[in-house]
$ cat query19.pdb   # PDB, N, CA and C atoms
ATOM      1  N   MET A   1      82.478  87.778 101.712
ATOM      2  CA  MET A   1      83.115  88.796 102.536
ATOM      3  C   MET A   1      84.226  89.440 101.716
ATOM      4  N   ILE A   2      84.393  90.720 101.881
ATOM      5  CA  ILE A   2      85.436  91.447 101.183
ATOM      6  C   ILE A   2      86.691  91.501 102.062
ATOM      7  N   SER A   3      87.840  91.454 101.412
ATOM      8  CA  SER A   3      89.108  91.553 102.118
ATOM      9  C   SER A   3      90.018  92.508 101.353
ATOM     10  N   TYR A   4      90.712  93.329 102.091
ATOM     11  CA  TYR A   4      91.656  94.272 101.493
ATOM     12  C   TYR A   4      93.100  93.764 101.631
ATOM     13  N   ARG A   5      93.238  92.476 101.833
ATOM     14  CA  ARG A   5      94.573  91.883 101.981
ATOM     15  C   ARG A   5      95.482  92.209 100.797
ATOM     16  N   PRO A   6      94.989  92.153  99.549
ATOM     17  CA  PRO A   6      95.871  92.513  98.431
ATOM     18  C   PRO A   6      96.413  93.941  98.535
ATOM     19  N   LEU A   7      95.588  94.872  98.979
ATOM     20  CA  LEU A   7      96.038  96.258  99.145
ATOM     21  C   LEU A   7      97.078  96.354 100.250
ATOM     22  N   LYS A   8      96.842  95.658 101.342
ATOM     23  CA  LYS A   8      97.784  95.691 102.463
ATOM     24  C   LYS A   8      99.128  95.100 102.051
ATOM     25  N   ILE A   9      99.109  94.026 101.284
ATOM     26  CA  ILE A   9     100.346  93.414 100.788
ATOM     27  C   ILE A   9     101.041  94.358  99.813
ATOM     28  N   TYR A  10     100.265  94.998  98.933
ATOM     29  CA  TYR A  10     100.819  95.963  97.982
ATOM     30  C   TYR A  10     101.541  97.087  98.730
ATOM     31  N   CYS A  11     100.899  97.601  99.771
ATOM     32  CA  CYS A  11     101.504  98.676 100.561
ATOM     33  C   CYS A  11     102.808  98.218 101.214
ATOM     34  N   LEU A  12     102.819  97.029 101.764
ATOM     35  CA  LEU A  12     104.038  96.498 102.385
ATOM     36  C   LEU A  12     105.145  96.332 101.358
ATOM     37  N   ASP A  13     104.810  95.749 100.211
ATOM     38  CA  ASP A  13     105.802  95.507  99.161
ATOM     39  C   ASP A  13     106.400  96.796  98.606
ATOM     40  N   HIS A  14     105.602  97.855  98.580
ATOM     41  CA  HIS A  14     106.046  99.125  98.013
ATOM     42  C   HIS A  14     106.375 100.167  99.086
ATOM     43  N   LYS A  15     106.416  99.714 100.330
ATOM     44  CA  LYS A  15     106.754 100.582 101.468
ATOM     45  C   LYS A  15     105.880 101.845 101.498
ATOM     46  N   LEU A  16     104.580 101.630 101.362
ATOM     47  CA  LEU A  16     103.609 102.718 101.402
ATOM     48  C   LEU A  16     102.758 102.603 102.653
ATOM     49  N   LYS A  17     102.284 103.741 103.133
ATOM     50  CA  LYS A  17     101.381 103.756 104.284
ATOM     51  C   LYS A  17      99.975 104.027 103.784
ATOM     52  N   LEU A  18      99.057 103.198 104.221
ATOM     53  CA  LEU A  18      97.669 103.331 103.797
ATOM     54  C   LEU A  18      97.106 104.698 104.160
ATOM     55  N   THR A  19      97.460 105.210 105.308
ATOM     56  CA  THR A  19      96.949 106.522 105.717
ATOM     57  C   THR A  19      97.399 107.615 104.744
ATOM     58  N   ASN A  20      98.615 107.522 104.250
ATOM     59  CA  ASN A  20      99.111 108.511 103.288
ATOM     60  C   ASN A  20      98.374 108.401 101.956
ATOM     61  N   ILE A  21      98.120 107.174 101.519
ATOM     62  CA  ILE A  21      97.398 106.961 100.266
ATOM     63  C   ILE A  21      96.001 107.565 100.364
ATOM     64  N   ILE A  22      95.318 107.272 101.455
ATOM     65  CA  ILE A  22      93.959 107.771 101.643
ATOM     66  C   ILE A  22      93.943 109.302 101.674
ATOM     67  N   LYS A  23      94.917 109.883 102.345
ATOM     68  CA  LYS A  23      95.014 111.346 102.414
ATOM     69  C   LYS A  23      95.255 111.937 101.025
ATOM     70  N   GLU A  24      96.171 111.340 100.273
ATOM     71  CA  GLU A  24      96.483 111.826  98.931
ATOM     72  C   GLU A  24      95.293 111.698  97.980
ATOM     73  N   CYS A  25      94.439 110.732  98.227
ATOM     74  CA  CYS A  25      93.244 110.527  97.404
ATOM     75  C   CYS A  25      92.112 111.458  97.805
ATOM     76  N   GLY A  26      92.291 112.188  98.892
ATOM     77  CA  GLY A  26      91.257 113.106  99.358
ATOM     78  C   GLY A  26      90.102 112.402 100.044
ATOM     79  N   LEU A  27      90.385 111.231 100.612
ATOM     80  CA  LEU A  27      89.348 110.454 101.296
ATOM     81  C   LEU A  27      89.448 110.658 102.804
ATOM     82  N   SER A  28      88.392 110.343 103.509
ATOM     83  CA  SER A  28      88.372 110.537 104.961
ATOM     84  C   SER A  28      89.101 109.403 105.678
ATOM     85  N   SER A  29      89.459 109.663 106.913
ATOM     86  CA  SER A  29      90.139 108.649 107.717
ATOM     87  C   SER A  29      89.221 107.465 108.013
ATOM     88  N   ASN A  30      87.909 107.657 107.855
ATOM     89  CA  ASN A  30      86.970 106.545 108.043
ATOM     90  C   ASN A  30      87.227 105.426 107.041
ATOM     91  N   VAL A  31      87.746 105.777 105.860
ATOM     92  CA  VAL A  31      88.048 104.768 104.841
ATOM     93  C   VAL A  31      89.158 103.855 105.342
ATOM     94  N   VAL A  32      90.159 104.415 105.999
ATOM     95  CA  VAL A  32      91.250 103.603 106.563
ATOM     96  C   VAL A  32      90.686 102.631 107.587
ATOM     97  N   THR A  33      89.816 103.127 108.444
ATOM     98  CA  THR A  33      89.208 102.280 109.469
ATOM     99  C   THR A  33      88.435 101.134 108.832
ATOM    100  N   LYS A  34      87.639 101.443 107.820
ATOM    101  CA  LYS A  34      86.852 100.410 107.150
ATOM    102  C   LYS A  34      87.749  99.386 106.467
ATOM    103  N   ILE A  35      88.813  99.849 105.826
ATOM    104  CA  ILE A  35      89.744  98.925 105.167
ATOM    105  C   ILE A  35      90.406  98.030 106.200
ATOM    106  N   ASN A  36      90.846  98.598 107.293
ATOM    107  CA  ASN A  36      91.502  97.802 108.339
ATOM    108  C   ASN A  36      90.560  96.777 108.968
ATOM    109  N   GLN A  37      89.266  97.057 108.933
ATOM    110  CA  GLN A  37      88.269  96.140 109.495
ATOM    111  C   GLN A  37      87.609  95.272 108.420
ATOM    112  N   ASP A  38      88.119  95.348 107.183
ATOM    113  CA  ASP A  38      87.561  94.613 106.045
ATOM    114  C   ASP A  38      86.070  94.860 105.879
ATOM    115  N   LYS A  39      85.685  96.122 105.997
ATOM    116  CA  LYS A  39      84.297  96.521 105.771
ATOM    117  C   LYS A  39      84.194  97.172 104.398
ATOM    118  N   ASN A  40      82.989  97.218 103.859
ATOM    119  CA  ASN A  40      82.770  97.795 102.534
ATOM    120  C   ASN A  40      83.069  99.289 102.523
ATOM    121  N   ILE A  41      83.672  99.733 101.424
ATOM    122  CA  ILE A  41      83.853 101.158 101.173
ATOM    123  C   ILE A  41      83.103 101.493  99.889
ATOM    124  N   GLU A  42      82.874 102.759  99.661
ATOM    125  CA  GLU A  42      82.173 103.187  98.456
ATOM    126  C   GLU A  42      83.006 102.876  97.222
ATOM    127  N   VAL A  43      82.324 102.588  96.133
ATOM    128  CA  VAL A  43      83.011 102.283  94.883
ATOM    129  C   VAL A  43      83.857 103.478  94.438
ATOM    130  N   LYS A  44      83.377 104.678  94.672
ATOM    131  CA  LYS A  44      84.127 105.890  94.297
ATOM    132  C   LYS A  44      85.456 105.945  95.046
ATOM    133  N   ALA A  45      85.463 105.556  96.314
ATOM    134  CA  ALA A  45      86.700 105.528  97.091
ATOM    135  C   ALA A  45      87.646 104.464  96.538
ATOM    136  N   LEU A  46      87.101 103.327  96.201
ATOM    137  CA  LEU A  46      87.892 102.248  95.614
ATOM    138  C   LEU A  46      88.509 102.702  94.294
ATOM    139  N   GLU A  47      87.714 103.387  93.493
ATOM    140  CA  GLU A  47      88.202 103.908  92.213
ATOM    141  C   GLU A  47      89.362 104.885  92.424
ATOM    142  N   LYS A  48      89.233 105.791  93.388
ATOM    143  CA  LYS A  48      90.288 106.767  93.651
ATOM    144  C   LYS A  48      91.590 106.083  94.070
ATOM    145  N   ILE A  49      91.483 105.049  94.896
ATOM    146  CA  ILE A  49      92.662 104.318  95.349
ATOM    147  C   ILE A  49      93.336 103.632  94.162
ATOM    148  N   CYS A  50      92.535 102.969  93.341
ATOM    149  CA  CYS A  50      93.080 102.273  92.171
ATOM    150  C   CYS A  50      93.765 103.242  91.211
ATOM    151  N   LEU A  51      93.112 104.350  90.919
ATOM    152  CA  LEU A  51      93.693 105.330  89.996
ATOM    153  C   LEU A  51      94.966 105.943  90.565
ATOM    154  N   TYR A  52      94.957 106.247  91.846
ATOM    155  CA  TYR A  52      96.135 106.834  92.482
ATOM    156  C   TYR A  52      97.331 105.894  92.407
ATOM    157  N   LEU A  53      97.088 104.613  92.674
ATOM    158  CA  LEU A  53      98.175 103.636  92.680
ATOM    159  C   LEU A  53      98.477 103.087  91.290
ATOM    160  N   GLY A  54      97.574 103.299  90.350
ATOM    161  CA  GLY A  54      97.762 102.781  89.000
ATOM    162  C   GLY A  54      97.620 101.265  88.930
ATOM    163  N   ILE A  55      96.708 100.729  89.721
ATOM    164  CA  ILE A  55      96.492  99.282  89.765
ATOM    165  C   ILE A  55      95.009  98.979  89.603
ATOM    166  N   GLY A  56      94.710  97.718  89.328
ATOM    167  CA  GLY A  56      93.330  97.303  89.158
ATOM    168  C   GLY A  56      92.677  96.915  90.470
ATOM    169  N   VAL A  57      91.378  96.776  90.417
ATOM    170  CA  VAL A  57      90.589  96.439  91.597
ATOM    171  C   VAL A  57      91.062  95.124  92.215
ATOM    172  N   GLY A  58      91.446  94.162  91.381
ATOM    173  CA  GLY A  58      91.906  92.864  91.876
ATOM    174  C   GLY A  58      93.176  92.934  92.693
ATOM    175  N   GLU A  59      93.889  94.042  92.585
ATOM    176  CA  GLU A  59      95.098  94.239  93.388
ATOM    177  C   GLU A  59      94.803  95.001  94.676
ATOM    178  N   VAL A  60      93.531  95.340  94.870
ATOM    179  CA  VAL A  60      93.112  96.076  96.060
ATOM    180  C   VAL A  60      92.232  95.213  96.959
ATOM    181  N   ILE A  61      91.305  94.486  96.336
ATOM    182  CA  ILE A  61      90.370  93.680  97.122
ATOM    183  C   ILE A  61      90.340  92.242  96.635
ATOM    184  N   GLU A  62      89.828  91.398  97.502
ATOM    185  CA  GLU A  62      89.515  90.028  97.121
ATOM    186  C   GLU A  62      88.230  89.653  97.848
ATOM    187  N   PHE A  63      87.519  88.718  97.279
ATOM    188  CA  PHE A  63      86.285  88.252  97.896
ATOM    189  C   PHE A  63      86.521  86.875  98.495
ATOM    190  N   LEU A  64      86.124  86.721  99.749
ATOM    191  CA  LEU A  64      86.264  85.473 100.451
ATOM    192  C   LEU A  64      84.889  84.893 100.735
ATOM    193  N   LYS A  65      84.803  83.599 100.769
ATOM    194  CA  LYS A  65      83.533  82.938 101.066
ATOM    195  C   LYS A  65      83.153  83.216 102.509
ATOM    196  N   ASP A  66      81.924  83.644 102.720
ATOM    197  CA  ASP A  66      81.425  83.872 104.075
ATOM    198  C   ASP A  66      81.218  82.545 104.785
ATOM    199  N   ASP A  67      81.556  82.509 106.063
ATOM    200  CA  ASP A  67      81.255  81.335 106.876
ATOM    201  C   ASP A  67      79.817  81.459 107.355
ATOM    202  N   LEU A  68      78.990  80.562 106.899
ATOM    203  CA  LEU A  68      77.574  80.620 107.280
ATOM    204  C   LEU A  68      77.258  79.635 108.350
TER     205      LEU A  68
END

$ encode --input "query19.pdb" --output "structure tokens"
Amino acid sequence: MISYRPLKIYCLDHKLKLTNIIKECGLSSNVVTKINQDKNIEVKALEKICLYLGIGVGEVIEFLKDDL
């Protein structure tokens, strides 16, 4: 399972709003919804977020073991 907890923590630590980041990246509000629900987003969207913030993918997402 994918988790955007690192991105959420990054935003809190840097006093940033996810909605503003997504808007500045030119992404749709659906991306915010997917991130808040820990659902997959397109790699291109992930790339835009990373480039905008100047951070690596590991600072945006983490992978968690699925409960089967």

$ residues_near_point --input "query19.pdb" --point "(86.3, 107.2, 103.3)" --cutoff "7 Å" --atoms "all atoms listed in the file" --output "MDAnalysis selection string"
chainID A and resid 27:32 41:42 45

$ closest_residue --input "query19.pdb" --among "A:Val60, A:Leu51, A:Cys25, A:Val43" --to "Cys11 (chain A)" --atoms "only C-alpha atoms"
A:Val60

$ resolve_selection --input "query19.pdb" --expression "the PyMOL selection byres ((chain A and resi 59) around 8)" --output "PyMOL selection string"
chain A and resi 4-10+50+55-58+60-62
